[in-house]
Structures are given as C-alpha cells and as structure tokens.
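Data first, discussion second: the structure below is written as structure tokens.
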Amino acid sequence: MALRIKSAAETELDLLTLGECMIRLSPPGHQRLELSPHFEVYAGGGEYNVSYALARYGMRAGWVSRLVDNPLGHFIRNHARASGMDISEVVWVPYDGSGRNDRIGLNFTEVGTGVRASVTVYDRGHTAVAHMKPGDVDWKRIFQRRKVRWFHTGGIFTALSDSCAAVASESMMAAHDAGTIVSYDLNFRSKLWSSKKAIEVTRTLMPYVDVLIGNEEDFQKVLGFEVEGVEEGLAKLSVEAYKKMVQRVVRTYPHIQAVGTTLREVVSGLVNNWSAILHYDGQFHTSRVYERMEIEDRVGGGDGFCSGLVYGMLHDVGPQECVEMGAAHGALLQTTRGDTSMVTLEEIRHVMGGGSARIKR
Amino acid sequence: MGNLLDVPAKGALDLVSLGALVHRLDPGIIPFRKAAECKIHVSGGEFNVAANLADCFRMNTGIVTAMVDYPIGDLIAERVRAMGVRPFYKHFKHNGVNGPNMATVYSDGGHGVRAPMVFYNRSNEAGGLLKPGDFDWNTIFAGGVRWFHSGGIFASLSETTGELIIEGMKAAKKAGAIVSFDLNFREKLWNIWGGQNKAAEVIGRIVQNVDVLVGNEEDLQKGLGVPGPQVAARSKLDPNAFFSMINSVVARHPQVKVVATTLREVHSTNRHSWCAVAWIDGKTYTAPTCELDVLDRVGGGDGFASGFFYGLLTGETPDEAVKLGWAHGALLTTFPGDTTMATVEQVRSFAKGGSARIQR
C-alpha cells in the first residue's frame with residue numbers, strides 16, 4: 001500500500017501545519033542566558049518550521065495558529081511571510097495592553113558547546129495559541145473547499161492545553177475525513193506535560209495518523225513503546241533495537257503507512273552522530289549516517305528531518321530518497337543558528353548524495 | 001476628493017509598482033573607505049512605495065520587476081515577501097561571474113557636518129534589461145488594480161525601461177487605474193547613457209500618461225525640462241517657488257491633476273526641517289513644518305509618496321492626504337533602512353500632532 005496523496009491540481013495547498021510559533025531569544029555565541037547583555041531574535045516552532053521549509057522550496061505551504069495583534073505577533077507574521085507561506089488561516093486576537101489574556105510565547109535558548117548542553121527556558125504560559133479551542137477554525141472549509149494535500153501537526157501543539165489537544169483531534173479528524181494525508185511528529189516536551197498524560201492523549205489521536213514521526217525517545221515517552229537495550233542517556237543507539245520498536249508500532253497501528261525516526265547520538269554538545277530510518281510499506285530504509293557531525297545549533301533538526309521527508313513524499317521520489325532528503329535537510333539545518341531552514345534544495349541533493357563540504361567557487 | 005481622481009473603489013491590488021529592486025549596503029556612520037561591516041537593506045524607489053503601503057498601511061500591493069536567481073536575489077525576494085508585497089518577476093539566471101546582477105547601492109549615513117554619500121554598482125543590472133513585452137499586464141491586472149506607480153530611477157536605467165513604464169501605464173489606464181510617477185531625477189544614472197536632454201525627452205513622454213506627479217523643483221526642472229521658478233524662494237521651505245512652476249507643468253501636461261513634493265531644509269545630516277506640499281486641481285495644500293532628528297534619511301521621499309497615496313486611495317480630504325504623507329515620511333527618517341517600520345496608527349497620531357512621549 002502506498003500513500004494516496006491528492007494531486008496538486010485539485011488542491012489549493014500542498015501542506016498545512018497547525019502549531020505554535022514562538023519568538024526565540026539567544027545570546028550570541030555560547031554566552032550564558034543569565035549574563036548575556038545581548039540576545040539575537042529568531043522565530044520558530046515545531047510544526048511551523050515544517051511549513052517554513054516547504055514554503056522556502058516553493059511549495060504552497062500554509063500554517064494555522066493564533067497570534068496576538070501586537071509587534072511581537074507582527075514579528076512572527078513578517079518571519080512567516082518572508083518564507084512565502086500562506087498565513088491567511090491564522091486567527092488574530094486583539095492585544096489587551098498587558099498580555100493578561102493572550103501572549104506570544106517566548107523561549108530563551110542558550111547554545112551549548114563541549115560538555116555544556118544547549119538549554120531552552122520557556123516563557124510560554126497564557127499564550128494566544130494555548131487558548132485555541134474547537135470551533136475557532138473552520139476546518140471543513142479548509143479541507144473540503146480549499147483542499148489540502150498534506151496536514152501536519154504534532155505533540156508540542158497537543159501538549160499546550162487540553163483545548164489544544166481537542167483542536168488537534170478536531171483538525172486531524174477533519175483532514176482524515178477529507179482524504180488529506182495526516183502526519184504527526186510526537187515531539188515530547190517534558191516541560192509541557194508528563195509522559196503519562198502524553199501517552200493517554202496521543203493514543204486517542206493515532207486513528208487519524210498516516211505518517212508518524214519521532215526521535216529516539218519520543219515513541220517511549222509519548223506512545224509508551226519501550227526500546228530494548230537502550231541506556232538512560234541515549235549515548236549509543238542500536239538501530240536494530242529501534243527497528244524492532246517500530247515494528248511493534250506498526251503492528252499496534254496497522255493503518256499507519258510510514259514511520260520516520262531520527263537517531264541522534266550526542267558525542268558532545270556540538271558534535272553528534274545523526275541518521276534516520278523510515279519504515280514504509282513493510283520495509284526499512286536507512287539514511288546515510290552523518291558521523292561526528294559538527295553542529296552550530298541543534299534546535300529544529302528534527303523538524304528539518306520531517307520537512308525533508310514530507311517534501312520527498314509530496315514529490316513521490318520513493319522511500320529511500322525520502323529518508324535521505326529528511327536526514328540531509330535535518331543535518332544542514334543544524335549548521336545554522338535559529339530553528340528554521342536556511343538551506344537550499346541544491347545543498348540537500350548535494351549532501352544526501354554524499355557530497356563533500358569542499359568550497360564551491 | 002474621490003471624484004477628482006476617480007480612484008476605482010475595488011481591485012485585487014490597491015497599487016502596483018514598476019521598478020528595479022536593489023540591495024543597499026550601509027556601513028552606518030563609517031565611510032566606505034574605512035568600513036569593515038555593512039548592513040544590507042532591500043530597496044528601490046518604486047518598490048518602497050509598494051512596501052510601505054503593504055506593511056504600514058495594510059494595503060494589497062504588487063511589484064513588477066526583474067529577479068536574478070542567485071543568493072543576492074534570494075535575499076531580496078525574501079525581504080519583498082516579508083513586507084507583504086506580491087511579486088511579479090521576470091527571472092534571470094546569473095552566469096556566476098558578471099551577471100545579470102541585482103544592483104548594489106553603496107550608501108553611508110554621514111554624520112553631523114559630513115553629508116551621506118551614495119554611489120552605485122549597476123553594471124549589467126537585470127532591471128535595466130527589462131523591456132516592453134516582458135510582462136503580461138492583462139494577467140497582472142486581472143483581479144482589478146486601483147493605482148499604478150513608477151518612477152524616474154527606473155526610467156533612467158536603460159533605453160528600454162522608460163518604454164516599459166509607458167507600456168505599463170497605458171495598460172494600467174486601460175484597466176482603470178490612477179497612474180502616478182515620482183520624478184526622482186538622478187543625474188549620475190542619466191549621464192552614463194542619455195544625458196539631460198534624453199532624460200527630459202523620455203520623462204516628457206512618460207508624464208503624458210500620468211495623473212499624479214511627485215517631484216521637487218529640481219526634479220521638475222532637470223527631469224521634466226520645465227523652466228526654473230518664477231519666484232525666488234525665501235528659504236528651502238517656502239513652497240511658492242515650487243507652486244510657481246506648476247502652471248508650466250500643467251500647460252505641457254494638462255491631464256496631470258496632482259503635483260506633490262516634500263520640502264526639506266538640511267541643517268546637518270541629522271537635523272532637517274520637513275514640510276510637504278501638494279497642488280491638487282488648482283488648489284494648494286501645505287503640511288505643517290516640523291524639525292526632524294534624522295536617523296537615516298534614505299526613503300523619506302518614498303515615505304511621503306506612500307502616505308499621500310494612501311490618503312488618496314482611502315478617500316481622505318486633500319489636506320489630510322498631504323499630512324499623512326508628511327507624517328509617514330517624517331517617521332521613516334527615524335528607522336534604519338529604506339522601507340517603513342511604522343504602523344498606520346503611529347502615522348495618524350503624528351499627522352494629528354502627536355508627541356514623541358513614550359507610550360506605555
């Protein structure tokens with residue numbers, strides 16, 4: 001069985017994602033949050049980053065969220081539309097002058113180096129998007145009248161609030177009913193919810209998922225699938241153990257057609273081993289392994305994998321090339337600061353083919 | 001006011017601009033000969049009007065222009081999208097060595113008694129390669145267009161760009177749009193191919209299609225070949241010299257209904273007196289004069305034009321339209337870069353005489 005994706009001709013959008021975009025403040029270089037006199041400003045969010053990347057590659061990508069009508073909301077709007085993404089479905093709420101009712105979420109991210117890990121401090125309570133509730137967005141109109149080839153959301157959005165979990169369910173059901181492919185990135189965030197709660201909620205969403213994505217710890221923390229023989233710190237990962245776990249996932253949810261997993265081994269803060277596996281149509285496909293990959297900023301790497309994979313699937317390039325595109329895009333994304341893609345398609349094709357980093361002139 | 005210009009009430013695009021996109025390198029107060037780093041601004045006199053109307057005034061605008069598929073083009077295209085302007089590009093492929101290029105404008109900020117300095121690298125500029133026939137105006141204007149704008153910078157780029165402006169203006173007129181032109185006379189650009197006589201000839205033919213003309217005394221004199229003022233100005237801010245030239249403009253181009261300009265007296269690079277005036281169908285309107293602490297003067301004139309057009313597009317009184325242009329141009333000099341970072345609420349508040357007291 002292969003994914004049955006609607007054609008470009010019968011749809012208005014190639015991709016629609018649902019999620020939060022935060023403003024990220026990072027000290028320059030590897031300075032500490034509590035001592036830095038300067039912050040660089042970025043925008044990003046797990047689901048948003050996927051639309052950003054695909055819009056960059058010239059696809060008709062849209063994003064749904066809830067934003068406050070103030071300069072912080074406008075910063076995100078400017079960032080979004082610079083990529084070329086469709087933000088016409090974003091729900092805008094008025095600014096109350098203090099943020100008591102609705103805020104734009106912030107995160108403060110320090111980029112680690114050597115033995116010092118990167119740290120993200122959230123300041124994302126009481127956000128406009130966390131107050132999203134069923135009925136805020138007319139999903140029927142979007143999926144049945146505008147028509148969309150692929151819908152993507154994930155565990156970060158679902159974790160924001162009970163009402164967001166209900167919106168995730170509402171939107172995925174509507175997409176599923178309209179025959180839109182639904183992908184879901186498990187993306188566990190321990191600061192947003194407990195593993196127990198994540199498992200309880202996420203299991204109810206699984207019936208609508210066609211393509212499931214997660215990293216080395218997500219399947220356990222969000223869906224309750226243990227990986228055998230893996231140590232606590234995830235320093236060494238056995239690909240075989242992951243394959244067995246993925247097989248249990250597809251036995252439990254036989255309607256899921258593809259499962260993509262990134263595998264990251266942290267050698268040090270800025271040197272990781274990086275690869276990905278894709279289970280598709282009963283077969284495993286493994287990407288090139290990026291050994292001792294030097295990283296500028298790891299945030300967004302998983303979303304980078306997801307966007308490369310979705311791009312490949314929307315272009316029907318075959319499962320092996322899909323997993324390679326995902327891994328290569330994820331790898332390249334981690335060579336720049338910020339959560340969103342600054343990569344070009346040519347670079348992806350070069351790197352996935354084993355191309356070197358020799359200077360081009 | 002609406003009756004005078006007869007601006008179409010509806011259209012998918014409130015304004016379409018035709019002109020070249022450039023990137024402007026800005027080392028701030030350090031002159032280029034000593035500079036170690038630069039900011040990169042995205043600009044273009046004609047584009048700035050579309051960008052200001054989209055970002056600050058929340059209107060639907062488009063830019064018709066050349067785009068080179070290379071990293072500088074990508075950088076520029078990204079900023080165009082960020083400002084919310086819909087692009088209509090003719091694409092060019094870069095040969096990796098010498099073009100076609102997106103033009104580079106070198107422009108330092110100057111400081112105090114030291115004037116800002118501008119020079120260009122516009123060699124093999126893609127914008128200059130644009131010519132009549134390159135764009136399908138019927139498709140661009142298909143959903144309706146209310147206003148079409150171009151300017152003297154684009155006209156000066158090559159033998160073909162002026163002709164493309166005329167083609168675009170005729171198509172826009174047919175589609176029912178108001179047509180405006182900012183004379184923006186740039187001597188350096190004309191001197192490398194046509195000189196002043198050619199400038200007057202080309203611009204004269206362009207202005208035959210124009211309803212709304214933007215330009216100061218010098219623009220009218222050098223760009224349009226109109227004789228100099230018949231009244232000696234008492235100062236740079238005295239509008240009578242400018243108004244005394246309007247009769248000659250309208251005698252040559254009787255279809256022109258509006259002529260507007262900013263008046264600026266430069267006390268130092270950082271301190272200007274700022275005023276704006278318009279002649280609208282025989283009547284004259286003068287904005288207040290204010291003192292500006294200038295952070296970056298580039299884009300102030302485009303800032304005026306966009307605020308003024310916004311007033312005319314939304315049916316404000318002529319007096320109010322001039323004030324909105326004046327206020328937006330003034331605010332623009334407080335931002336780095338050539339395009340707006342103001343909000344329409346700020347512009348309205350400044351136009352009403354709002355203060356710079358902190359809002360919290």
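Ordering of the structure tokens sets the chain letters (A, B, ...), residue numbers begin anew at 1 in every chain, and ligands are numbered from 1 in the order given.
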
Query raised in the report: Could you name the residues that touch Leu312 of chain B at 9 Å or less, counting only C-alpha atoms, but leaving out those on the same chain fewer than 4 positions away, as a list in words?
Result: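 In the requested format, the answer is Met1, Gly2, Leu5, Val7, Gly307, Phe308, Glu316, Thr317, Pro318 and Ala321 of chain B.
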
For chain A, which residues have at least one atom within 8 Å of chain B, if we go by only C-alpha atoms? Write them as a compact mmCIF listing (two decimals) with N, CA and C atoms, in the first residue's frame, please.
# COMPACT_ATOMS: atom_id res chain seq x y z
N ASN A 78 5.87 38.64 9.94
CA ASN A 78 6.89 39.03 8.96
C ASN A 78 7.81 37.86 8.65
N HIS A 79 8.17 37.13 9.70
CA HIS A 79 9.05 35.97 9.52
C HIS A 79 8.35 34.93 8.65
N ALA A 80 7.07 34.71 8.93
CA ALA A 80 6.32 33.69 8.19
C ALA A 80 6.19 34.08 6.73
N ARG A 81 5.78 35.33 6.48
CA ARG A 81 5.52 35.66 5.08
C ARG A 81 6.80 35.83 4.28
N ALA A 82 7.93 36.06 4.97
CA ALA A 82 9.20 36.10 4.23
C ALA A 82 9.51 34.77 3.57
N SER A 83 9.01 33.68 4.16
CA SER A 83 9.25 32.37 3.56
C SER A 83 8.31 32.12 2.40
N GLY A 84 7.26 32.91 2.31
CA GLY A 84 6.26 32.71 1.26
C GLY A 84 5.09 31.86 1.72

Find the residues around segment 9-26 of chain A up to 6 Å (only C-alpha atoms counted), leave out those fewer than 6 positions away in its own chain, and share them as a CSV table (one decimal) with N, CA and C atoms, in the first residue's frame.
chain,number,residue,atom,x,y,z
A,39,PHE,N,20.7,39.7,23.1
A,39,PHE,CA,20.0,38.5,22.6
A,39,PHE,C,19.8,38.7,21.1
A,40,GLU,N,20.0,37.6,20.4
A,40,GLU,CA,19.6,37.5,19.0
A,40,GLU,C,18.1,37.0,18.9
A,41,VAL,N,17.4,37.5,18.0
A,41,VAL,CA,15.9,37.2,17.9
A,41,VAL,C,15.7,36.3,16.7
A,42,TYR,N,15.0,35.2,17.0
A,42,TYR,CA,14.6,34.2,16.0
A,42,TYR,C,13.1,33.9,16.2
A,43,ALA,N,12.5,33.2,15.2
A,43,ALA,CA,11.2,32.7,15.3
A,43,ALA,C,11.2,31.3,15.0
A,44,GLY,N,10.4,30.5,15.7
A,44,GLY,CA,10.3,29.1,15.3
A,44,GLY,C,9.3,28.3,16.2
A,45,GLY,N,9.0,27.1,15.7
A,45,GLY,CA,8.0,26.3,16.4
A,45,GLY,C,8.0,25.0,15.7
A,47,GLU,N,5.9,22.7,14.5
A,47,GLU,CA,5.0,22.5,13.3
A,47,GLU,C,5.3,23.6,12.3
A,60,ARG,N,3.3,25.3,-1.9
A,60,ARG,CA,2.2,26.0,-1.4
A,60,ARG,C,1.9,25.6,0.1
A,61,ALA,N,2.6,26.1,1.0
A,61,ALA,CA,2.6,25.7,2.4
A,61,ALA,C,1.8,26.7,3.2
A,62,GLY,N,0.9,26.3,4.1
A,62,GLY,CA,0.2,27.2,4.9
A,62,GLY,C,0.4,26.8,6.4
A,63,TRP,N,0.0,27.7,7.3
A,63,TRP,CA,0.2,27.5,8.7
A,63,TRP,C,-1.0,28.1,9.5
A,64,VAL,N,-1.5,27.3,10.4
A,64,VAL,CA,-2.6,27.8,11.2
A,64,VAL,C,-2.1,28.0,12.7
A,65,SER,N,-2.5,29.1,13.3
A,65,SER,CA,-2.2,29.3,14.7
A,65,SER,C,-3.0,30.4,15.2
A,105,GLY,N,4.3,33.5,22.8
A,105,GLY,CA,5.2,32.7,23.6
A,105,GLY,C,6.6,33.0,23.3
A,106,LEU,N,7.5,33.0,24.3
A,106,LEU,CA,8.9,33.3,24.2
A,106,LEU,C,9.7,32.0,24.6
A,107,ASN,N,10.9,31.8,24.0
A,107,ASN,CA,11.8,30.9,24.7
A,107,ASN,C,13.2,31.5,24.6
A,108,PHE,N,13.9,31.3,25.6
A,108,PHE,CA,15.3,31.8,25.8
A,108,PHE,C,16.2,30.6,25.6
A,109,THR,N,17.0,30.6,24.5
A,109,THR,CA,17.8,29.4,24.2
A,109,THR,C,19.3,29.7,24.2
A,110,GLU,N,20.0,29.0,25.0
A,110,GLU,CA,21.4,29.1,25.1
A,110,GLU,C,22.0,28.0,24.3
A,146,ARG,N,-11.1,24.5,0.2
A,146,ARG,CA,-9.8,24.9,-0.3
A,146,ARG,C,-9.0,23.6,-0.7
A,147,LYS,N,-9.1,22.6,0.0
A,147,LYS,CA,-8.4,21.3,-0.2
A,147,LYS,C,-6.9,21.4,0.0
A,148,VAL,N,-6.4,20.4,0.7
A,148,VAL,CA,-5.0,20.4,1.1
A,148,VAL,C,-4.5,19.0,0.9
A,149,ARG,N,-3.2,18.9,0.4
A,149,ARG,CA,-2.7,17.5,0.1
A,149,ARG,C,-2.2,16.9,1.4
A,150,TRP,N,-1.6,17.7,2.3
A,150,TRP,CA,-0.9,17.1,3.5
A,150,TRP,C,-1.2,18.0,4.7
A,151,PHE,N,-1.5,17.4,5.8
A,151,PHE,CA,-1.7,18.1,7.1
A,151,PHE,C,-0.8,17.6,8.1
A,152,HIS,N,-0.1,18.5,8.8
A,152,HIS,CA,0.9,18.1,9.8
A,152,HIS,C,0.7,18.9,11.1
A,153,THR,N,0.7,18.1,12.2
A,153,THR,CA,0.7,18.8,13.5
A,153,THR,C,1.5,17.8,14.4
A,157,PHE,N,2.1,21.1,19.9
A,157,PHE,CA,0.8,21.8,19.9
A,157,PHE,C,-0.2,21.0,20.9

Query raised in the report: Do you know which residues are at most 7 Å from Leu160 of chain A counting only C-alpha atoms, after dropping those on the same chain fewer than 3 positions away, and could you put them as a list in words?
Result: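 Once the adjacent positions are removed, what remains is Ala130, Ile156, Phe157, Cys164 and Leu192 of chain A.
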
Query raised in the report: Interatomic distance between atom CA of Ser275 of chain A and atom CA of Arg203 of chain A?
Result: 26.5 Å

Query raised in the report: Quick one: DSSP helix (DSSP H, G or I) residues in segment 172-239 of chain A, as a PyMOL selection string?
Result: chain A and resi 172-177+195-208+218-223+239

Query raised in the report: Out of segment 194-339 of chain A, which residues get strand (DSSP E or B) from DSSP, as number ranges by chain?
Result: A: 211-214, 258-268, 271-280, 283-286, 290-294

**Report entry** Long-range neighbours of Leu13 of chain B as a count of residues only, 7 Å cut-off, only C-alpha atoms, 3 positions minimum in chain
**Finding:** 7

Query raised in the report: Do you have the atom CA of Leu270 of chain A-atom CA of Ile359 of chain A distance handy?
Result: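 Atom-to-atom, atom CA of Leu270 of chain A and atom CA of Ile359 of chain A are spaced 21.6 Å apart.
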
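Minimum atom-to-atom distances from B:Ser349, B:Thr262, B:Thr160, B:Thr340 to His41 of chain B were compared using only C-alpha atoms, and the lowest value belongs to B:Thr340.
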
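Closest approach to Phe309 of chain B among B:Glu218, B:Asp238, B:Asp136, B:Asp211: B:Asp211, based on only C-alpha atoms.
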
Query - Distance criterion (only C-alpha atoms): nearest to Val93 of chain A out of A:Arg66, A:His329, A:Lys196, A:His74 - result: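 Using only C-alpha atoms, Val93 of chain A sits closest to A:Arg66.
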
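The two atoms in question, atom CA of Gly223 of chain B and atom CA of Phe185 of chain B, are spaced 5.6 Å apart.
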
Report task. Pick out the closest residue to Met293 of chain A from this set: A:Tyr311, A:Trp274, A:Phe305, A:Phe219. Count only C-alpha atoms. Result ->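 So, comparing all the options, the nearest one is A:Trp274.
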
Query raised in the report: Which residue out of B:Lys90, B:Ile280, B:Asn121, B:Leu4 has the minimum interatomic distance to Val22 of chain B when only C-alpha atoms are used?
Result: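 Going through B:Lys90, B:Ile280, B:Asn121, B:Leu4 one by one, the smallest distance to Val22 of chain B is for B:Asn121.
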